[in-house]
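Trainee: What follows is the file input06.txt, containing compact mmCIF, C-alpha atoms:
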# COMPACT_ATOMS: atom_id res chain seq x y z
CA GLU W 212 -4.49 95.24 -26.66
CA ALA W 213 -4.86 96.11 -22.98
CA ASP W 214 -8.40 96.39 -21.65
CA ILE W 215 -7.14 96.60 -18.08
CA TYR W 216 -4.81 99.42 -17.17
CA GLN W 217 -2.51 99.93 -14.24
CA THR W 218 -0.73 103.13 -13.28
CA PRO W 219 1.94 103.95 -12.52
CA ARG W 220 4.07 101.34 -14.29
CA TYR W 221 7.03 102.04 -12.01
CA LEU W 222 7.13 103.86 -8.65
CA VAL W 223 9.97 104.65 -6.26
CA ILE W 224 8.99 106.22 -2.95
CA GLY W 225 10.35 106.72 0.54
CA THR W 226 9.35 104.84 3.67
CA GLY W 227 6.22 106.11 5.38
CA LYS W 228 4.57 107.59 2.31
CA LYS W 229 0.95 106.87 1.46
CA ILE W 230 0.48 105.59 -2.07
CA THR W 231 -2.39 104.51 -4.27
CA LEU W 232 -1.97 102.11 -7.16
CA GLU W 233 -4.59 102.53 -9.84
CA CYS W 234 -6.37 99.80 -11.80
CA SER W 235 -9.13 100.34 -14.35
CA GLN W 236 -10.83 98.00 -16.80
CA THR W 237 -13.16 98.75 -19.69
CA MET W 238 -14.76 95.32 -20.03
CA GLY W 239 -17.52 95.73 -17.47
CA HIS W 240 -16.08 92.91 -15.38
CA ASP W 241 -17.55 92.46 -11.91
CA LYS W 242 -14.63 90.47 -10.46
CA MET W 243 -11.38 92.32 -9.81
CA TYR W 244 -8.25 91.20 -7.96
CA TRP W 245 -4.98 92.58 -6.63
CA TYR W 246 -1.97 90.27 -6.48
CA GLN W 247 1.56 90.76 -5.18
CA GLN W 248 4.41 88.96 -6.89
CA ASP W 249 8.08 88.96 -5.92
CA PRO W 250 10.59 88.13 -8.71
CA GLY W 251 10.47 84.47 -9.62
CA MET W 252 7.80 83.73 -7.06
CA GLU W 253 4.12 82.88 -7.17
CA LEU W 254 1.26 85.35 -7.00
CA HIS W 255 -0.30 86.15 -3.64
CA LEU W 256 -3.85 87.51 -3.38
CA ILE W 257 -4.06 90.84 -1.55
CA HIS W 258 -7.69 91.88 -2.07
CA TYR W 259 -10.58 91.03 -4.35
CA SER W 260 -14.00 92.36 -5.27
CA TYR W 261 -17.05 90.77 -6.85
CA GLY W 262 -18.81 94.04 -7.59
CA VAL W 263 -19.46 97.63 -6.55
CA ASN W 264 -19.19 98.18 -2.77
CA SER W 265 -17.97 94.59 -2.34
CA THR W 266 -14.38 94.02 -1.18
CA GLU W 267 -12.73 91.07 0.52
CA LYS W 268 -9.30 90.47 2.03
CA GLY W 269 -6.87 88.00 0.57
CA ASP W 270 -3.78 86.45 2.13
CA LEU W 271 -1.62 89.60 2.33
CA SER W 272 -4.20 92.29 3.00
CA SER W 273 -3.29 93.55 6.46
CA GLU W 274 -1.26 96.55 5.36
CA SER W 275 -3.40 97.80 2.50
CA THR W 276 -6.95 98.82 1.63
CA VAL W 277 -9.06 98.84 -1.51
CA SER W 278 -12.29 100.45 -2.65
CA ARG W 279 -14.80 99.61 -5.38
CA ILE W 280 -17.01 102.63 -5.88
CA ARG W 281 -17.30 102.08 -9.65
CA THR W 282 -17.30 98.81 -11.58
CA GLU W 283 -14.35 99.83 -13.70
CA HIS W 284 -12.06 101.14 -10.96
CA PHE W 285 -10.31 99.20 -8.15
CA PRO W 286 -7.53 101.23 -6.50
CA LEU W 287 -5.13 99.77 -3.92
CA THR W 288 -3.81 102.01 -1.12
CA LEU W 289 -0.79 101.49 1.14
CA GLU W 290 -1.21 103.83 4.09
CA SER W 291 2.45 103.79 5.11
CA ALA W 292 4.88 102.22 2.66
CA ARG W 293 7.74 100.08 3.98
CA PRO W 294 10.74 98.50 2.21
CA SER W 295 9.01 95.11 2.65
CA HIS W 296 6.32 96.38 0.25
CA THR W 297 8.87 96.46 -2.57
CA SER W 298 7.37 94.10 -5.14
CA GLN W 299 5.30 93.90 -8.31
CA TYR W 300 1.57 94.49 -7.95
CA LEU W 301 -0.73 92.96 -10.53
CA CYS W 302 -4.39 93.76 -11.06
CA ALA W 303 -6.74 91.30 -12.78
CA SER W 304 -10.40 91.08 -13.72
CA SER W 305 -12.94 88.57 -14.99
CA ALA W 306 -16.64 88.39 -15.66
CA ILE W 307 -18.96 87.19 -12.89
CA THR W 308 -20.28 84.33 -15.02
CA GLY W 309 -18.63 80.99 -14.46
CA ASN W 310 -15.50 79.94 -16.31
CA SER W 311 -14.55 83.42 -17.46
CA PRO W 312 -10.92 84.00 -18.56
CA LEU W 313 -8.70 86.29 -16.52
CA HIS W 314 -7.35 89.56 -17.83
CA PHE W 315 -4.22 90.99 -16.20
CA GLY W 316 -2.81 94.47 -16.22
CA ASN W 317 0.88 95.07 -16.96
CA GLY W 318 1.64 95.56 -13.29
CA THR W 319 3.12 98.27 -11.08
CA ARG W 320 6.69 97.72 -9.96
CA LEU W 321 7.02 99.41 -6.56
CA THR W 322 10.30 100.18 -4.81
CA VAL W 323 10.23 101.59 -1.28
CA THR W 324 13.52 103.08 -0.14
CA LYS L 91 2.32 70.18 0.14
CA ASN L 92 1.05 72.89 -2.21
CA GLU L 93 -2.50 72.53 -3.48
CA VAL L 94 -1.27 73.20 -7.03
CA GLU L 95 2.02 71.69 -8.15
CA GLN L 96 3.74 72.20 -11.46
CA SER L 97 6.53 70.23 -13.06
CA PRO L 98 9.14 70.78 -14.12
CA GLN L 99 10.13 74.00 -12.34
CA ASN L 100 12.64 74.83 -15.05
CA LEU L 101 12.79 73.60 -18.62
CA THR L 102 15.21 74.26 -21.45
CA ALA L 103 14.62 73.17 -25.03
CA GLN L 104 15.99 73.55 -28.51
CA GLU L 105 13.90 75.36 -31.06
CA GLY L 106 11.45 72.97 -32.70
CA GLU L 107 11.11 70.60 -29.75
CA PHE L 108 7.78 69.45 -28.34
CA ILE L 109 7.26 70.81 -24.81
CA THR L 110 5.05 69.46 -22.03
CA ILE L 111 4.37 71.22 -18.74
CA ASN L 112 2.35 69.42 -16.07
CA CYS L 113 0.01 70.65 -13.36
CA SER L 114 -1.48 68.56 -10.55
CA TYR L 115 -3.93 69.84 -7.98
CA SER L 116 -5.50 68.46 -4.83
CA VAL L 117 -8.69 70.52 -4.44
CA GLY L 118 -12.06 70.39 -6.16
CA ILE L 119 -12.10 72.91 -8.96
CA SER L 120 -14.57 74.67 -11.20
CA ALA L 121 -11.94 75.65 -13.78
CA LEU L 122 -8.22 75.58 -14.48
CA HIS L 123 -6.24 78.39 -16.11
CA TRP L 124 -2.94 78.33 -17.97
CA LEU L 125 -1.18 81.70 -17.93
CA GLN L 126 1.98 83.00 -19.59
CA GLN L 127 4.29 85.62 -18.10
CA HIS L 128 7.22 87.07 -20.06
CA PRO L 129 10.16 88.60 -18.13
CA GLY L 130 9.21 92.06 -16.90
CA GLY L 131 5.83 91.76 -18.53
CA GLY L 132 2.27 91.26 -17.53
CA ILE L 133 0.39 87.97 -17.51
CA VAL L 134 -1.59 86.66 -20.46
CA SER L 135 -4.34 84.09 -20.18
CA LEU L 136 -3.67 81.18 -22.56
CA PHE L 137 -6.46 78.77 -21.70
CA MET L 138 -9.30 78.21 -19.31
CA LEU L 139 -10.46 74.61 -19.02
CA SER L 140 -13.10 72.74 -17.10
CA SER L 141 -12.92 69.53 -19.14
CA GLY L 142 -11.32 67.92 -22.17
CA LYS L 143 -8.88 69.66 -24.44
CA LYS L 144 -8.37 73.05 -26.08
CA LYS L 145 -6.06 74.10 -28.90
CA HIS L 146 -4.85 77.53 -29.95
CA GLY L 147 -2.18 77.68 -32.62
CA ARG L 148 0.81 75.67 -31.41
CA LEU L 149 -0.53 75.41 -27.88
CA ILE L 150 -2.66 72.55 -26.58
CA ALA L 151 -4.09 72.21 -23.08
CA THR L 152 -5.69 69.09 -21.65
CA ILE L 153 -7.33 68.34 -18.33
CA ASN L 154 -8.28 65.08 -16.62
CA ILE L 155 -10.75 65.92 -13.86
CA GLN L 156 -10.72 62.43 -12.35
CA GLU L 157 -6.92 62.40 -12.04
CA LYS L 158 -6.77 66.12 -11.07
CA HIS L 159 -4.13 66.75 -13.68
CA SER L 160 -3.61 69.12 -16.59
CA SER L 161 -0.92 69.44 -19.24
CA LEU L 162 0.15 72.29 -21.47
CA HIS L 163 1.85 71.26 -24.71
CA ILE L 164 3.80 73.48 -27.09
CA THR L 165 4.47 72.05 -30.53
CA ALA L 166 7.40 73.27 -32.66
CA SER L 167 8.74 75.44 -29.85
CA HIS L 168 10.29 78.82 -30.67
CA PRO L 169 12.55 81.17 -28.69
CA ARG L 170 9.62 83.60 -28.33
CA ASP L 171 7.86 80.90 -26.28
CA SER L 172 10.44 81.52 -23.53
CA ALA L 173 8.44 82.63 -20.51
CA VAL L 174 7.06 81.46 -17.19
CA TYR L 175 3.95 79.30 -17.54
CA ILE L 176 1.59 79.35 -14.58
CA CYS L 177 -1.20 76.93 -13.73
CA ALA L 178 -4.02 78.31 -11.58
CA VAL L 179 -7.20 76.60 -10.38
CA GLU L 180 -10.49 78.09 -9.28
CA SER L 181 -11.43 76.37 -6.04
CA TYR L 182 -14.95 74.96 -6.20
CA ASN L 183 -15.51 75.67 -2.50
CA THR L 184 -14.00 79.13 -2.08
CA ASP L 185 -14.20 80.46 -5.64
CA LYS L 186 -10.64 81.75 -5.17
CA LEU L 187 -7.72 81.20 -7.52
CA ILE L 188 -4.86 79.01 -6.31
CA PHE L 189 -1.63 79.46 -8.24
CA GLY L 190 1.18 77.07 -8.96
CA THR L 191 4.75 78.35 -8.64
CA GLY L 192 5.24 78.38 -12.39
CA THR L 193 7.47 76.63 -14.92
CA ARG L 194 10.30 78.68 -16.40
CA LEU L 195 10.80 77.72 -20.05
CA GLN L 196 13.78 78.74 -22.15
CA VAL L 197 13.87 77.83 -25.81
CA PHE L 198 17.22 78.23 -27.54
CA PRO L 199 17.68 78.74 -31.27
Would you kindly transcribe this structure into structure tokens?

Mentor:
Amino acid sequence: EADIYQTPRYLVIGTGKKITLECSQTMGHDKMYWYQQDPGMELHLIHYSYGVNSTEKGDLSSESTVSRIRTEHFPLTLESARPSHTSQYLCASSAITGNSPLHFGNGTRLTVT
Amino acid sequence: KNEVEQSPQNLTAQEGEFITINCSYSVGISALHWLQQHPGGGIVSLFMLSSGKKKHGRLIATINIQEKHSSLHITASHPRDSAVYICAVESYNTDKLIFGTGTRLQVFP
């Protein structure tokens, strides 16, 4: 049962397009994360948020932005997609209290042509 | 050297075998997570540990804080256990998650 939802599940777009990947959770979690994962590789943190109006950059953040206007919603925007952005994007959330388990969305598989 | 290292990288087993996957880390942590990722699928949290041992069905996770080491055990393995198992630690200093590269497990009937 998914309490964290990502849309779209798959996306194919052309170079230069602006895209927004959606992530919503219904658990009231304060912490939310965006990760990028290439096939067979480890997860890399793109952005994270510890609450409304709080966003921080991760390791791969330079070409994307996020917003956290509502607790449940944490969209990721690529201003100008490039083929190097082709990857899987995973959203996750957890409660702000210590030692809270992570919940992951099913991911968005992005292909930039 | 990665701050979180898993071994083995790849593991094959026959159905019914006992499986052990290891995770060693070099940073101070507040918690350690074991995650499971099926091919093409999302990631599921299996365990979160800060000390001792946890058991859920056929899965057992242990952690030794002094030795900075954790193990994930699967008893009576089954082909549906085939997946990538990922160890991730919450850094005590930065509060960020640091991921291992994962262990790819294949269980054959």

Trainee: Given 5 Å of margin on each side, can you work out the centre and size in Å (one decimal) of an axis-aligned box holding every listed atom of segment 304-319 of chain W, as AutoDock Vina command-line options?

Mentor:
--center_x -8.6 --center_y 89.1 --center_z -14.8 --size_x 33.4 --size_y 28.3 --size_z 17.5

Trainee: Can you pull out every residue within 10 Å of segment 185-187 of chain L, counting all atoms listed in the file, but drop anything in the same chain fewer than 3 positions away, and send it as a ChimeraX atom specification?

Mentor: /W:254-256,259,269,309 /L:119-123,177-182,190

Trainee: Save the residues we just selected, C-alpha atoms, as a CSV table (one decimal), keeping the file's coordinate frame?

Mentor:
chain,number,residue,atom,x,y,z
W,254,LEU,CA,1.3,85.4,-7.0
W,255,HIS,CA,-0.3,86.2,-3.6
W,256,LEU,CA,-3.8,87.5,-3.4
W,259,TYR,CA,-10.6,91.0,-4.4
W,269,GLY,CA,-6.9,88.0,0.6
W,309,GLY,CA,-18.6,81.0,-14.5
L,119,ILE,CA,-12.1,72.9,-9.0
L,120,SER,CA,-14.6,74.7,-11.2
L,121,ALA,CA,-11.9,75.6,-13.8
L,122,LEU,CA,-8.2,75.6,-14.5
L,123,HIS,CA,-6.2,78.4,-16.1
L,177,CYS,CA,-1.2,76.9,-13.7
L,178,ALA,CA,-4.0,78.3,-11.6
L,179,VAL,CA,-7.2,76.6,-10.4
L,180,GLU,CA,-10.5,78.1,-9.3
L,181,SER,CA,-11.4,76.4,-6.0
L,182,TYR,CA,-15.0,75.0,-6.2
L,190,GLY,CA,1.2,77.1,-9.0

Trainee: Considering only C-alpha atoms, give me a table of residues in chain W that are at most 10 Å from chain L, with the closest atom pair and distance in Å for each, as JSON lines.

Mentor:
{"residue": "W:Pro250", "atom": "CA", "partner": "L:Gly130", "partner_atom": "CA", "distance": 9.2}
{"residue": "W:Gly251", "atom": "CA", "partner": "L:Thr191", "partner_atom": "CA", "distance": 8.4}
{"residue": "W:Met252", "atom": "CA", "partner": "L:Thr191", "partner_atom": "CA", "distance": 6.4}
{"residue": "W:Glu253", "atom": "CA", "partner": "L:Thr191", "partner_atom": "CA", "distance": 4.8}
{"residue": "W:Leu254", "atom": "CA", "partner": "L:Phe189", "partner_atom": "CA", "distance": 6.7}
{"residue": "W:His255", "atom": "CA", "partner": "L:Phe189", "partner_atom": "CA", "distance": 8.2}
{"residue": "W:Leu256", "atom": "CA", "partner": "L:Leu187", "partner_atom": "CA", "distance": 8.5}
{"residue": "W:Tyr259", "atom": "CA", "partner": "L:Lys186", "partner_atom": "CA", "distance": 9.3}
{"residue": "W:Gly269", "atom": "CA", "partner": "L:Lys186", "partner_atom": "CA", "distance": 9.3}
{"residue": "W:Gln299", "atom": "CA", "partner": "L:Gly130", "partner_atom": "CA", "distance": 9.6}
{"residue": "W:Leu301", "atom": "CA", "partner": "L:Gly132", "partner_atom": "CA", "distance": 7.8}
{"residue": "W:Cys302", "atom": "CA", "partner": "L:Gly132", "partner_atom": "CA", "distance": 9.6}
{"residue": "W:Ala303", "atom": "CA", "partner": "L:Ile133", "partner_atom": "CA", "distance": 9.2}
{"residue": "W:Gly309", "atom": "CA", "partner": "L:Ser120", "partner_atom": "CA", "distance": 8.2}
{"residue": "W:Asn310", "atom": "CA", "partner": "L:Ala121", "partner_atom": "CA", "distance": 6.1}
{"residue": "W:Ser311", "atom": "CA", "partner": "L:Met138", "partner_atom": "CA", "distance": 7.6}
{"residue": "W:Pro312", "atom": "CA", "partner": "L:Met138", "partner_atom": "CA", "distance": 6.1}
{"residue": "W:Leu313", "atom": "CA", "partner": "L:Ser135", "partner_atom": "CA", "distance": 6.1}
{"residue": "W:His314", "atom": "CA", "partner": "L:Ser135", "partner_atom": "CA", "distance": 6.7}
{"residue": "W:Phe315", "atom": "CA", "partner": "L:Ile133", "partner_atom": "CA", "distance": 5.7}
{"residue": "W:Gly316", "atom": "CA", "partner": "L:Gly132", "partner_atom": "CA", "distance": 6.2}
{"residue": "W:Asn317", "atom": "CA", "partner": "L:Gly132", "partner_atom": "CA", "distance": 4.1}
{"residue": "W:Gly318", "atom": "CA", "partner": "L:Gly132", "partner_atom": "CA", "distance": 6.1}
{"residue": "W:Thr319", "atom": "CA", "partner": "L:Gly132", "partner_atom": "CA", "distance": 9.6}
{"residue": "W:Arg320", "atom": "CA", "partner": "L:Gly130", "partner_atom": "CA", "distance": 9.3}

Trainee: Please list as JSON, numbers by chain every residue within 6 Å of segment 143-148 of chain L, counting only C-alpha atoms and excluding residues in the same chain fewer than 3 positions away.

Mentor: {"L": [151, 152, 164, 165]}

Trainee: Can you pull out the residues contacting segment 219-233 of chain W? Cut-off 12 Å, using all atoms listed in the file, and skip same-chain residues under 3 positions away; I want them as number ranges by chain.

Mentor: W: 215-216, 236, 245-246, 274-279, 283-303, 316-324; L: 130-132

Trainee: What does the distance between atom CA of Lys242 of chain W and atom CA of Lys268 of chain W come to in Å, to one decimal place?

Mentor: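 For atom CA of Lys242 of chain W relative to atom CA of Lys268 of chain W, the distance reads 13.6 Å.
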
Trainee: So what do you get for atom CA of Gln247 of chain W versus atom CA of Asp270 of chain W, distance-wise?

Mentor: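 For atom CA of Gln247 of chain W relative to atom CA of Asp270 of chain W, the distance reads 10.0 Å.
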
Trainee: Work out how far atom CA of Arg170 of chain L is from atom CA of Pro98 of chain L, in Å to one decimal.

Mentor: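 Those two atoms sit 19.1 Å apart.
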
Trainee: So, with only C-alpha atoms as the atoms that count, which of L:Gln99, L:Ser114, L:Gln104, L:Thr184 lies closest to Ser167 of chain L?

Mentor: L:Gln104

Trainee: Compare L:Val94, L:Val197, L:Ile109, L:Val117 by their minimum atom-to-atom distance to Gln156 of chain L, counting all atoms listed in the file, and give me the closest one.

Mentor: L:Val117

Trainee: Can you take the partial segment 242-254 of chain W, add N, CA, C and O atoms, and return it as a PDB file, in the coordinates of the input?

Mentor:
ATOM      1  N   LYS W 242     -15.690  90.981 -11.336  1.00  0.00           N
ATOM      2  CA  LYS W 242     -14.630  90.470 -10.460  1.00  0.00           C
ATOM      3  C   LYS W 242     -13.328  91.201 -10.742  1.00  0.00           C
ATOM      4  O   LYS W 242     -12.888  91.289 -11.886  1.00  0.00           O
ATOM      5  N   MET W 243     -12.705  91.704  -9.686  1.00  0.00           N
ATOM      6  CA  MET W 243     -11.380  92.320  -9.810  1.00  0.00           C
ATOM      7  C   MET W 243     -10.501  91.856  -8.654  1.00  0.00           C
ATOM      8  O   MET W 243     -11.004  91.575  -7.556  1.00  0.00           O
ATOM      9  N   TYR W 244      -9.195  91.780  -8.922  1.00  0.00           N
ATOM     10  CA  TYR W 244      -8.250  91.200  -7.960  1.00  0.00           C
ATOM     11  C   TYR W 244      -6.974  92.045  -7.930  1.00  0.00           C
ATOM     12  O   TYR W 244      -6.558  92.604  -8.936  1.00  0.00           O
ATOM     13  N   TRP W 245      -6.338  92.055  -6.759  1.00  0.00           N
ATOM     14  CA  TRP W 245      -4.980  92.580  -6.630  1.00  0.00           C
ATOM     15  C   TRP W 245      -4.079  91.451  -6.142  1.00  0.00           C
ATOM     16  O   TRP W 245      -4.398  90.760  -5.165  1.00  0.00           O
ATOM     17  N   TYR W 246      -2.946  91.272  -6.857  1.00  0.00           N
ATOM     18  CA  TYR W 246      -1.970  90.270  -6.480  1.00  0.00           C
ATOM     19  C   TYR W 246      -0.614  90.940  -6.268  1.00  0.00           C
ATOM     20  O   TYR W 246      -0.281  91.936  -6.910  1.00  0.00           O
ATOM     21  N   GLN W 247       0.176  90.342  -5.382  1.00  0.00           N
ATOM     22  CA  GLN W 247       1.560  90.760  -5.180  1.00  0.00           C
ATOM     23  C   GLN W 247       2.460  89.630  -5.650  1.00  0.00           C
ATOM     24  O   GLN W 247       2.188  88.454  -5.355  1.00  0.00           O
ATOM     25  N   GLN W 248       3.502  89.985  -6.390  1.00  0.00           N
ATOM     26  CA  GLN W 248       4.410  88.960  -6.890  1.00  0.00           C
ATOM     27  C   GLN W 248       5.848  89.433  -6.769  1.00  0.00           C
ATOM     28  O   GLN W 248       6.230  90.435  -7.375  1.00  0.00           O
ATOM     29  N   ASP W 249       6.646  88.717  -5.988  1.00  0.00           N
ATOM     30  CA  ASP W 249       8.080  88.960  -5.920  1.00  0.00           C
ATOM     31  C   ASP W 249       8.753  88.247  -7.096  1.00  0.00           C
ATOM     32  O   ASP W 249       8.216  87.264  -7.612  1.00  0.00           O
ATOM     33  N   PRO W 250       9.936  88.723  -7.535  1.00  0.00           N
ATOM     34  CA  PRO W 250      10.590  88.130  -8.710  1.00  0.00           C
ATOM     35  C   PRO W 250      10.770  86.632  -8.584  1.00  0.00           C
ATOM     36  O   PRO W 250      11.289  86.128  -7.583  1.00  0.00           O
ATOM     37  N   GLY W 251      10.303  85.916  -9.589  1.00  0.00           N
ATOM     38  CA  GLY W 251      10.470  84.470  -9.620  1.00  0.00           C
ATOM     39  C   GLY W 251       9.581  83.698  -8.677  1.00  0.00           C
ATOM     40  O   GLY W 251       9.733  82.479  -8.538  1.00  0.00           O
ATOM     41  N   MET W 252       8.661  84.392  -8.055  1.00  0.00           N
ATOM     42  CA  MET W 252       7.800  83.730  -7.060  1.00  0.00           C
ATOM     43  C   MET W 252       6.352  83.711  -7.536  1.00  0.00           C
ATOM     44  O   MET W 252       5.997  84.326  -8.539  1.00  0.00           O
ATOM     45  N   GLU W 253       5.528  82.982  -6.774  1.00  0.00           N
ATOM     46  CA  GLU W 253       4.120  82.880  -7.170  1.00  0.00           C
ATOM     47  C   GLU W 253       3.332  84.122  -6.773  1.00  0.00           C
ATOM     48  O   GLU W 253       3.798  84.952  -6.004  1.00  0.00           O
ATOM     49  N   LEU W 254       2.142  84.229  -7.314  1.00  0.00           N
ATOM     50  CA  LEU W 254       1.260  85.350  -7.000  1.00  0.00           C
ATOM     51  C   LEU W 254       0.559  85.127  -5.665  1.00  0.00           C
ATOM     52  O   LEU W 254       0.126  84.013  -5.361  1.00  0.00           O
TER      53      LEU W 254
END
